[in-house]
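> The structure follows.
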Amino acid sequence: MPDKARVRATINGEPADFLCEPRQSLLEVLREELKLTGTKEGCNNGNCGACNVLLNGLLVNSCLVLAVEADGAKVETIEGVMGPQGLHPLQTAFLENAALQCGICTPGFIVAAKALLERKPKATEAEIRHWCAGNLCRCTGYDKIVRAVLDAETRMGEGQ
Amino acid sequence: MSPTETKQEYQVIGKRPVRHDGVDKVTGRAVYGADVQLPGMLYGKVLRSPHAHARIKSIRTDKAMSLEGVKAVVTAADLPDPEGRTANLGELGDVPLRNLTRNVLASGKVLYQGHAIAAVAATNPHLAEEALDLIEVEYEVLPPVMDVLEAMKKDAPLLHEDLCTMELGKKSDHHSNIASHQTFRRGDVKAGFASADHILEHEYRSATVHQGYIEPHAATAVWSADGQVTLWCTTQGAFSMRAMVHQILGIPVSKLKVIPTEIGGGFGGKIPSYGEPVAALLARKSRRPVKVVMDRTEVFMGTGPTSASYVKLKMGVTRDGRIVAAEAMLAFEGGAYPGAIVGAGGLCLLAPYNIENLVIDMYDVVVNKPKTAAYRAPGAPNAEHATEALIDEFCELLKMDPLEFRLKNASKEGDVQANDVRFPRIGCIETIEAARASDHYRSKLNGPNRGRGVAAGYWMNAGLTSSVMARLNADGTVTLNEGSTDIGGSRTSIAMQLAESFGIRAEDVSPSVVDTDSVGYTEVTGGSRVTFATGYAAYEAGQALRRQVVEQAAKLWKVEPERVLFEGGVLRDLDDAAKKIGLPELAETLAHRGVDIGARITVTPQKVGGVFGVHIADVEVDPGTGKVTILRYTVVQDVGKAIHPSYVEGQMQGGAVQGIGWALNEEYVYNQEGKMLNASFLDYRMPTSLDLPMIETIIVEVPNPGHPYGVRGVGEVPIVPPLATVANAIAHAVSVRLYEVPMSPPRVVKAMLAKK
């Protein structure tokens, strides 16, 4: 068994200090070592977006990032999206627009959409569809997801 | 007055409350199959066949077992011998137990690439994978048979040497890959064709496609020293999973508890058992909890896709547009074991139309591909693709509006179906009329290489057994335990029916999907049956709670129950205005007195309402690349009664998009050796948000008389029309007909070049 490496990162604003094998992905460590199972595995090769997290503010597929690469980094997962004030407007918009069916892709979509709206608070439908093309959903046909992101823009614009 | 106008006033039904499990799912707290974590848990991995068809000459596991960190290795030798035994799957029928057992772990032969052979449990998943490489399997590779028509040939390699065709319900002595042949026959087909002015015949093909749920299969098992087995898994049916695992492992059903986790999509593909019995075996051998999670490649190669199919359809039509005869042959791939859902395909094939003379032959054929599983209206999309595309050619020939043609032939109550059963009240005509009146259909479509297509579809839906348990809490809310695993928001549609029936708010019901020890028997989440049948049970539970609180208030006031009215959350004495009590106050009083208000309901509703849909698509074809872009798409569907309209729309949209993927891109690509070349989400191309416009929905409500609120199942039928809808749109865009799906860019270009 390979020696374990020590990794110190900030995860959802909290310091995290863990050991991992060099071959372990960030996704695997989040889920199996740190028990942050909100980040999902759909394909483990970067094609579905269910494992989306923010790494130093950049949207990444955590299955394609080695855990050792998170050393010194800031990681934000779905568990960190809800703030002290309660649900994030995207989370409220997903609920009120029925933008989830089975819900397995939802954490990835919310993390991805959050990254989009931080860059483009007034993203158009076309921009949302383009940005979210890295996230697969098999239940909804995307209609209500796109509407939820548009609705979240309105809510955030109103300062909710 | 049409039934769509008979609107009843509801307090809860038809509203759009936030789903009860929503917050957990948008915050990452909901526990899905792979999220289960237990102290001391090991990780299981499965060794799979690299060959599509081979004899297993030997398996050696000692090297794998000696790797440090490996705690157990299992093979088919660890499973009870299934030969000669029958597995009873309740309403799903009887199958040879061998077909279940051998698909879980192969013995004797491997029948498809990805067929499970052995499994390892180790202290981490990487070690388990390393151990798989140390398992030595010696194969004698056999020629594979990868196509349904090839497999039906007399000289085709046989998958199962002892398989004999069930010929029209009787076992023949004919050794073959054809597992069964059934026929529907009605009227005089010869005379029917003789009376036709136009006859057209074509062959239609569809490739193997996968349900494509985003969550891979996952199972975690504990096998206690006292023989009690606990199984957490992502399944469409906790009870059917319990039945399968109990029969495969030969353990008493009372020793097995199945705890269904949240389920990340299923569409029929999470009904069979795969890693569940394997996890249990590994747990028994290692004496530790074991979690077995598939990766995406395993999901593609090792779990049931739907049937690839061949459909030959001939129809005869009069010059004024009446269908007078139809003759069809459906051959569906079952995959490695019998069980293609071809009967449903045959029944749905012509269902939207009242045709007096028809004959439909259906074949279930084994090939060297994964054992097929149900996929959303299984059998119907493949079958109805042919009907709806052929009708479009008749409409072109007759210069007739395609919806007018369909209305002219539309099925209605009392018409006889292919299986000689009369239709109950159905909404076929209403759905076609709603499509014809839609903004989309009435709009103009202009521009080069653009075309509009329409197609209809039918699915019969299922009823089956469902159970709920409801209990009044001390604060007047209700805790609802139900047996139907929730794939798409059904907790809420069930809770809403209880709320309506009892007379409380949807928010005051707290629904939970519970384990097999905690609620009555409930069949799978499938057949679009949950909102119908489990909702029916919830309705009954609401009625029972209502009776009980009325009785208790009457007792409190020492009056006859007939004098007590429960309305708007308050119980009143009709004859004494001074006597009234809010439900929360009554509930608290009863709780203090130790009176339990609850209901335990099991129902098997018989009057299932089948559903029709009509889809409209506008497409643009890139003549250079063959890429088809969906410009506009509308789904029109009879839903009986929409309990939660948002989730009804969601089913319509999601089903349509799966159908669009099937129509345009999705297929298993195999090489000559029967090896799959595209077992990843990159190469198995499902639709993304970028590929689609908004999906418009038109809900038609023709109540099902067999349900207290008129519910018809809505989940499956939306996947039926897209294949032909898109094919017809392409035909009108570029005057080229494709008879094979997917209509992927290379096939479209090829067809366009051939036309030139």
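Ordering of the structure tokens sets the chain letters (A, B, ...), residue numbers begin anew at 1 in every chain, and ligands are numbered from 1 in the order given.
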Neighbouring residues of Pro424 in chain B were defined as those with any atom within 8 Å, considering only C-alpha atoms; residues of the same chain fewer than 2 positions away were excluded. Please report them as number ranges by chain.

B: 413-414, 422, 426, 609

> Please produce a file of those selected residues containing C-alpha atoms, as a short mmCIF file (atom, residue, chain, number, x, y, z; two decimals), in the first residue's frame.


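Okay, result-v1.cif is ready:
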data_model
loop_
_atom_site.label_atom_id
_atom_site.label_comp_id
_atom_site.auth_asym_id
_atom_site.auth_seq_id
_atom_site.Cartn_x
_atom_site.Cartn_y
_atom_site.Cartn_z
CA GLU B 413 -63.83 3.62 -24.72
CA GLY B 414 -65.20 0.22 -25.67
CA ARG B 422 -61.90 -3.49 -24.28
CA ILE B 426 -59.40 6.72 -22.26
CA GLY B 609 -55.94 4.01 -16.57
#

> For Ala99 in chain A, work out the shell of residues within 7 Å, counting only C-alpha atoms and skipping chain neighbours fewer than 5 positions away, then give it as a ChimeraX atom specification.

/A:94,144-145,148

> Hey, can you spit out that residue selection with C-alpha atoms as a compact mmCIF listing (two decimals), in the first residue's frame?


# COMPACT_ATOMS: atom_id res chain seq x y z
CA PHE A 94 -34.58 24.57 -7.26
CA LYS A 144 -37.06 23.26 -14.87
CA ILE A 145 -33.36 23.40 -13.96
CA ALA A 148 -34.66 27.59 -11.56

> Would you give me, as a count of residues only, the residues of chain A that come within 7 Å of chain B, using only C-alpha atoms?

30

> Enumerate the residues of chain A with a DSSP assignment of strand (DSSP E), computed from the backbone, and present them as a ChimeraX atom specification.

/A:5-11,14-20,52-55,58-61,74-76

> Go ahead and save the picked residues with N, CA and C atoms, as a compact mmCIF listing (two decimals), in the first residue's frame.


# COMPACT_ATOMS: atom_id res chain seq x y z
N ALA A 5 -0.10 10.70 2.12
CA ALA A 5 0.38 12.09 2.15
C ALA A 5 -0.53 12.90 3.07
N ARG A 6 0.06 13.90 3.70
CA ARG A 6 -0.74 14.78 4.55
C ARG A 6 -1.21 15.98 3.73
N VAL A 7 -2.47 16.28 3.82
CA VAL A 7 -3.05 17.40 3.08
C VAL A 7 -3.75 18.33 4.05
N ARG A 8 -3.43 19.62 3.92
CA ARG A 8 -4.13 20.62 4.72
C ARG A 8 -4.86 21.55 3.77
N ALA A 9 -6.16 21.62 3.91
CA ALA A 9 -6.98 22.43 3.02
C ALA A 9 -8.04 23.15 3.84
N THR A 10 -8.76 24.04 3.17
CA THR A 10 -9.92 24.67 3.81
C THR A 10 -11.15 24.15 3.08
N ILE A 11 -12.00 23.47 3.80
CA ILE A 11 -13.19 22.91 3.17
C ILE A 11 -14.43 23.55 3.78
N GLU A 14 -13.83 25.68 6.81
CA GLU A 14 -13.24 25.06 8.00
C GLU A 14 -11.89 24.45 7.62
N PRO A 15 -10.90 24.55 8.53
CA PRO A 15 -9.65 23.87 8.22
C PRO A 15 -9.83 22.36 8.21
N ALA A 16 -9.23 21.72 7.22
CA ALA A 16 -9.29 20.25 7.14
C ALA A 16 -7.87 19.72 7.00
N ASP A 17 -7.58 18.71 7.76
CA ASP A 17 -6.23 18.15 7.80
C ASP A 17 -6.41 16.64 7.70
N PHE A 18 -5.97 16.07 6.58
CA PHE A 18 -6.23 14.63 6.40
C PHE A 18 -5.07 13.93 5.70
N LEU A 19 -5.07 12.62 5.82
CA LEU A 19 -4.09 11.79 5.13
C LEU A 19 -4.79 11.11 3.96
N CYS A 20 -4.07 10.99 2.84
CA CYS A 20 -4.67 10.27 1.73
C CYS A 20 -3.58 9.62 0.89
N ASN A 52 -19.22 18.02 -9.01
CA ASN A 52 -18.72 19.40 -9.08
C ASN A 52 -18.48 19.98 -7.69
N VAL A 53 -17.30 20.57 -7.51
CA VAL A 53 -16.99 21.39 -6.33
C VAL A 53 -16.22 22.61 -6.83
N LEU A 54 -16.06 23.59 -5.95
CA LEU A 54 -15.24 24.75 -6.29
C LEU A 54 -13.87 24.57 -5.64
N LEU A 55 -12.83 24.68 -6.45
CA LEU A 55 -11.46 24.56 -5.96
C LEU A 55 -10.81 25.92 -6.18
N LEU A 58 -12.71 27.92 -8.59
CA LEU A 58 -12.90 27.37 -9.93
C LEU A 58 -13.78 26.13 -9.88
N LEU A 59 -14.69 26.05 -10.84
CA LEU A 59 -15.55 24.86 -10.90
C LEU A 59 -14.75 23.69 -11.44
N VAL A 60 -14.71 22.60 -10.69
CA VAL A 60 -13.97 21.41 -11.14
C VAL A 60 -14.82 20.16 -10.94
N ASN A 61 -14.48 19.13 -11.71
CA ASN A 61 -15.00 17.80 -11.43
C ASN A 61 -14.05 17.19 -10.41
N LYS A 74 -8.68 26.10 -1.19
CA LYS A 74 -10.01 26.29 -0.61
C LYS A 74 -10.98 25.45 -1.42
N VAL A 75 -11.69 24.59 -0.75
CA VAL A 75 -12.65 23.73 -1.43
C VAL A 75 -14.05 24.09 -0.93
N GLU A 76 -14.98 24.23 -1.88
CA GLU A 76 -16.37 24.43 -1.45
C GLU A 76 -17.23 23.33 -2.06

> CA of Ala533 in chain B and CA of Ile719 in chain B, how far apart in Å?

21.2 Å

> Can you pull out the residues contacting Ile178 in chain B? Cut-off 8 Å, using only C-alpha atoms, and skip same-chain residues under 2 positions away; I want them as a list in words.

Ala151, Met152, Cys164, Thr165, Ser176, Ser180, His181, Tyr363, Asp364, Val365 and Val366 of chain B

> Between CA of Thr485 in chain B and CA of Asp508 in chain B, measure the distance and give it in Å to one decimal.

20.5 Å

> Please identify all polymer residues within 12 Å of Asp94 in chain B, counting only C-alpha atoms, omitting same-chain residues fewer than 6 positions from it, and present them as a PyMOL selection string.

chain B and resi 85-88+100+243-244+247+339

> Just to be explicit: take each residue in the selection above, keep N, CA and C atoms, and write the result as a PDB file, in the first residue's frame.


ATOM      1  N   ARG B  85     -34.973 -24.871 -10.200  1.00  0.00           N
ATOM      2  CA  ARG B  85     -35.848 -24.139  -9.286  1.00  0.00           C
ATOM      3  C   ARG B  85     -36.433 -22.908  -9.985  1.00  0.00           C
ATOM      4  N   THR B  86     -37.586 -22.518  -9.508  1.00  0.00           N
ATOM      5  CA  THR B  86     -38.277 -21.377 -10.092  1.00  0.00           C
ATOM      6  C   THR B  86     -38.271 -20.239  -9.089  1.00  0.00           C
ATOM      7  N   ALA B  87     -37.961 -19.057  -9.561  1.00  0.00           N
ATOM      8  CA  ALA B  87     -38.027 -17.876  -8.699  1.00  0.00           C
ATOM      9  C   ALA B  87     -39.387 -17.229  -8.892  1.00  0.00           C
ATOM     10  N   ASN B  88     -40.060 -17.013  -7.778  1.00  0.00           N
ATOM     11  CA  ASN B  88     -41.347 -16.338  -7.836  1.00  0.00           C
ATOM     12  C   ASN B  88     -41.142 -14.874  -7.519  1.00  0.00           C
ATOM     13  N   LEU B 100     -31.684 -15.681 -12.746  1.00  0.00           N
ATOM     14  CA  LEU B 100     -31.326 -14.617 -11.803  1.00  0.00           C
ATOM     15  C   LEU B 100     -29.935 -14.871 -11.236  1.00  0.00           C
ATOM     16  N   ALA B 243     -37.312 -10.215  -2.261  1.00  0.00           N
ATOM     17  CA  ALA B 243     -37.732 -11.503  -2.830  1.00  0.00           C
ATOM     18  C   ALA B 243     -36.618 -12.120  -3.673  1.00  0.00           C
ATOM     19  N   MET B 244     -35.948 -11.300  -4.472  1.00  0.00           N
ATOM     20  CA  MET B 244     -34.892 -11.837  -5.347  1.00  0.00           C
ATOM     21  C   MET B 244     -33.702 -12.325  -4.516  1.00  0.00           C
ATOM     22  N   GLN B 247     -34.313 -15.500  -2.638  1.00  0.00           N
ATOM     23  CA  GLN B 247     -34.334 -16.705  -3.476  1.00  0.00           C
ATOM     24  C   GLN B 247     -32.948 -17.041  -4.029  1.00  0.00           C
ATOM     25  N   GLY B 339     -36.472 -12.673 -21.637  1.00  0.00           N
ATOM     26  CA  GLY B 339     -37.184 -11.668 -20.854  1.00  0.00           C
ATOM     27  C   GLY B 339     -37.336 -10.323 -21.536  1.00  0.00           C
TER      28      GLY B 339
END

> Residues of range 26-275 of chain B classed as alpha helix (DSSP H) by DSSP on the backbone are to be reported as a ChimeraX atom specification.

/B:26-27,62-65,97-104,125-133,148-152,189-194,238-249,275

> Please dump the current selection as a short mmCIF file (atom, residue, chain, number, x, y, z; two decimals), in the first residue's frame; keep N, CA and C atoms.


data_model
loop_
_atom_site.label_atom_id
_atom_site.label_comp_id
_atom_site.auth_asym_id
_atom_site.auth_seq_id
_atom_site.Cartn_x
_atom_site.Cartn_y
_atom_site.Cartn_z
N VAL B 26 -31.36 19.35 -1.92
CA VAL B 26 -30.62 20.52 -2.43
C VAL B 26 -29.45 20.90 -1.52
N THR B 27 -29.37 20.26 -0.36
CA THR B 27 -28.26 20.58 0.55
C THR B 27 -27.22 19.47 0.62
N ASP B 62 -6.91 -17.97 -5.28
CA ASP B 62 -6.01 -18.00 -4.10
C ASP B 62 -5.03 -16.83 -4.06
N LYS B 63 -4.53 -16.41 -5.24
CA LYS B 63 -3.59 -15.28 -5.23
C LYS B 63 -4.28 -14.00 -4.76
N ALA B 64 -5.50 -13.81 -5.22
CA ALA B 64 -6.25 -12.62 -4.82
C ALA B 64 -6.48 -12.64 -3.31
N MET B 65 -6.82 -13.82 -2.81
CA MET B 65 -7.13 -13.95 -1.38
C MET B 65 -5.91 -13.67 -0.52
N LEU B 97 -34.96 -19.73 -11.62
CA LEU B 97 -34.06 -19.08 -10.66
C LEU B 97 -32.65 -18.94 -11.25
N ARG B 98 -32.28 -19.92 -12.06
CA ARG B 98 -30.97 -19.92 -12.70
C ARG B 98 -30.68 -18.62 -13.44
N ASN B 99 -31.73 -18.07 -14.09
CA ASN B 99 -31.53 -16.85 -14.87
C ASN B 99 -31.19 -15.66 -13.98
N LEU B 100 -31.68 -15.68 -12.75
CA LEU B 100 -31.33 -14.62 -11.80
C LEU B 100 -29.93 -14.87 -11.24
N THR B 101 -29.74 -16.10 -10.75
CA THR B 101 -28.49 -16.45 -10.07
C THR B 101 -27.29 -16.30 -10.99
N ARG B 102 -27.41 -16.85 -12.21
CA ARG B 102 -26.25 -16.85 -13.12
C ARG B 102 -25.92 -15.46 -13.64
N ASN B 103 -26.91 -14.57 -13.60
CA ASN B 103 -26.63 -13.20 -14.02
C ASN B 103 -25.91 -12.42 -12.92
N VAL B 104 -26.10 -12.86 -11.69
CA VAL B 104 -25.43 -12.21 -10.56
C VAL B 104 -23.96 -12.64 -10.51
N PRO B 125 -11.15 0.38 -1.75
CA PRO B 125 -11.59 -0.01 -3.10
C PRO B 125 -10.44 -0.25 -4.08
N HIS B 126 -9.33 0.45 -3.86
CA HIS B 126 -8.19 0.26 -4.78
C HIS B 126 -7.57 -1.12 -4.59
N LEU B 127 -7.48 -1.52 -3.34
CA LEU B 127 -6.96 -2.87 -3.06
C LEU B 127 -7.87 -3.93 -3.67
N ALA B 128 -9.16 -3.70 -3.54
CA ALA B 128 -10.11 -4.67 -4.10
C ALA B 128 -9.90 -4.78 -5.61
N GLU B 129 -9.66 -3.65 -6.26
CA GLU B 129 -9.42 -3.67 -7.70
C GLU B 129 -8.12 -4.40 -8.04
N GLU B 130 -7.10 -4.14 -7.23
CA GLU B 130 -5.83 -4.84 -7.46
C GLU B 130 -6.04 -6.36 -7.33
N ALA B 131 -6.85 -6.74 -6.37
CA ALA B 131 -7.09 -8.17 -6.15
C ALA B 131 -7.81 -8.80 -7.33
N LEU B 132 -8.68 -8.03 -7.98
CA LEU B 132 -9.39 -8.58 -9.15
C LEU B 132 -8.40 -9.02 -10.22
N ASP B 133 -7.31 -8.23 -10.35
CA ASP B 133 -6.29 -8.57 -11.36
C ASP B 133 -5.60 -9.90 -11.03
N VAL B 148 -30.42 -9.43 -33.17
CA VAL B 148 -31.63 -10.22 -32.97
C VAL B 148 -31.95 -11.11 -34.18
N LEU B 149 -31.79 -10.59 -35.38
CA LEU B 149 -32.13 -11.41 -36.55
C LEU B 149 -31.09 -12.51 -36.77
N GLU B 150 -29.81 -12.17 -36.51
CA GLU B 150 -28.75 -13.19 -36.60
C GLU B 150 -29.01 -14.31 -35.60
N ALA B 151 -29.42 -13.90 -34.40
CA ALA B 151 -29.63 -14.88 -33.33
C ALA B 151 -30.78 -15.83 -33.63
N MET B 152 -31.73 -15.37 -34.45
CA MET B 152 -32.90 -16.20 -34.76
C MET B 152 -32.60 -17.25 -35.84
N VAL B 189 -57.21 -10.48 -41.53
CA VAL B 189 -56.17 -9.60 -42.04
C VAL B 189 -56.14 -9.60 -43.57
N LYS B 190 -56.35 -10.76 -44.14
CA LYS B 190 -56.30 -10.88 -45.60
C LYS B 190 -57.40 -10.03 -46.25
N ALA B 191 -58.59 -10.17 -45.72
CA ALA B 191 -59.72 -9.38 -46.24
C ALA B 191 -59.49 -7.90 -45.99
N GLY B 192 -58.89 -7.61 -44.83
CA GLY B 192 -58.60 -6.21 -44.50
C GLY B 192 -57.68 -5.58 -45.52
N PHE B 193 -56.60 -6.28 -45.84
CA PHE B 193 -55.66 -5.73 -46.83
C PHE B 193 -56.33 -5.63 -48.21
N ALA B 194 -57.21 -6.60 -48.50
CA ALA B 194 -57.89 -6.58 -49.81
C ALA B 194 -58.76 -5.34 -49.95
N ALA B 238 -38.00 -2.24 -2.76
CA ALA B 238 -37.37 -2.91 -1.63
C ALA B 238 -37.91 -4.33 -1.46
N PHE B 239 -39.22 -4.50 -1.69
CA PHE B 239 -39.82 -5.83 -1.48
C PHE B 239 -39.44 -6.81 -2.59
N SER B 240 -39.39 -6.32 -3.83
CA SER B 240 -38.99 -7.24 -4.90
C SER B 240 -37.50 -7.56 -4.77
N MET B 241 -36.72 -6.59 -4.30
CA MET B 241 -35.30 -6.89 -4.06
C MET B 241 -35.17 -7.95 -2.96
N ARG B 242 -35.97 -7.80 -1.91
CA ARG B 242 -35.93 -8.81 -0.84
C ARG B 242 -36.29 -10.18 -1.40
N ALA B 243 -37.31 -10.22 -2.26
CA ALA B 243 -37.73 -11.50 -2.83
C ALA B 243 -36.62 -12.12 -3.67
N MET B 244 -35.95 -11.30 -4.47
CA MET B 244 -34.89 -11.84 -5.35
C MET B 244 -33.70 -12.32 -4.52
N VAL B 245 -33.27 -11.50 -3.57
CA VAL B 245 -32.08 -11.86 -2.80
C VAL B 245 -32.36 -13.09 -1.93
N HIS B 246 -33.54 -13.15 -1.39
CA HIS B 246 -33.90 -14.32 -0.56
C HIS B 246 -33.88 -15.60 -1.40
N GLN B 247 -34.31 -15.50 -2.64
CA GLN B 247 -34.33 -16.70 -3.48
C GLN B 247 -32.95 -17.04 -4.03
N ILE B 248 -32.20 -16.02 -4.39
CA ILE B 248 -30.85 -16.26 -4.93
C ILE B 248 -29.94 -16.83 -3.83
N LEU B 249 -30.05 -16.28 -2.62
CA LEU B 249 -29.16 -16.73 -1.54
C LEU B 249 -29.75 -17.90 -0.75
N GLY B 275 -25.44 -6.25 -7.56
CA GLY B 275 -24.45 -6.32 -6.48
C GLY B 275 -25.04 -6.65 -5.12
#

> Might you pull out every residue within 10 Å of Val73 in chain B, with only C-alpha atoms counted and same-chain residues fewer than 6 positions away left off, and present them as a ChimeraX atom specification?

/B:44-46,61-62,64-65,118-122,128,131-132,135,281-282,285-286

> Given the choices B:His592, B:Arg491, B:His51, B:His115, which gets closest to Ala76 in chain B if the distance is worked out from only C-alpha atoms?

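That would be B:His115, the residue with the smallest distance to Ala76 in chain B.
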
> For Ala152 in chain A, please output as a PyMOL selection string all residues within 8 Å (counting only C-alpha atoms; exclusion window: fewer than 5 positions along the same chain).

chain A and resi 89-90+92-93

> May I have the residues from that selection written out with N, CA and C atoms, as a CSV table (one decimal), in the first residue's frame?


chain,number,residue,atom,x,y,z
A,89,PRO,N,-30.3,31.2,-2.5
A,89,PRO,CA,-31.4,31.4,-3.4
A,89,PRO,C,-31.4,30.4,-4.5
A,90,LEU,N,-30.3,29.8,-4.9
A,90,LEU,CA,-30.4,28.7,-5.9
A,90,LEU,C,-31.1,27.5,-5.3
A,92,THR,N,-33.4,27.5,-2.9
A,92,THR,CA,-34.8,27.8,-2.8
A,92,THR,C,-35.4,27.7,-4.2
A,93,ALA,N,-34.7,28.2,-5.2
A,93,ALA,CA,-35.3,28.3,-6.6
A,93,ALA,C,-35.4,26.8,-7.1

> In Å, how far is it from CA of Val702 in chain B to CA of Ser438 in chain B?

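According to the coordinates, CA of Val702 in chain B and CA of Ser438 in chain B are separated by 17.3 Å.
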
> For Met301 in chain B, list every protein, DNA or RNA residue within 8 Å, evaluated using only C-alpha atoms, and leave out those in the same chain fewer than 6 positions away; present the list as an NGL selection string.

:B and (113-115 or 370 or 676 or 679)
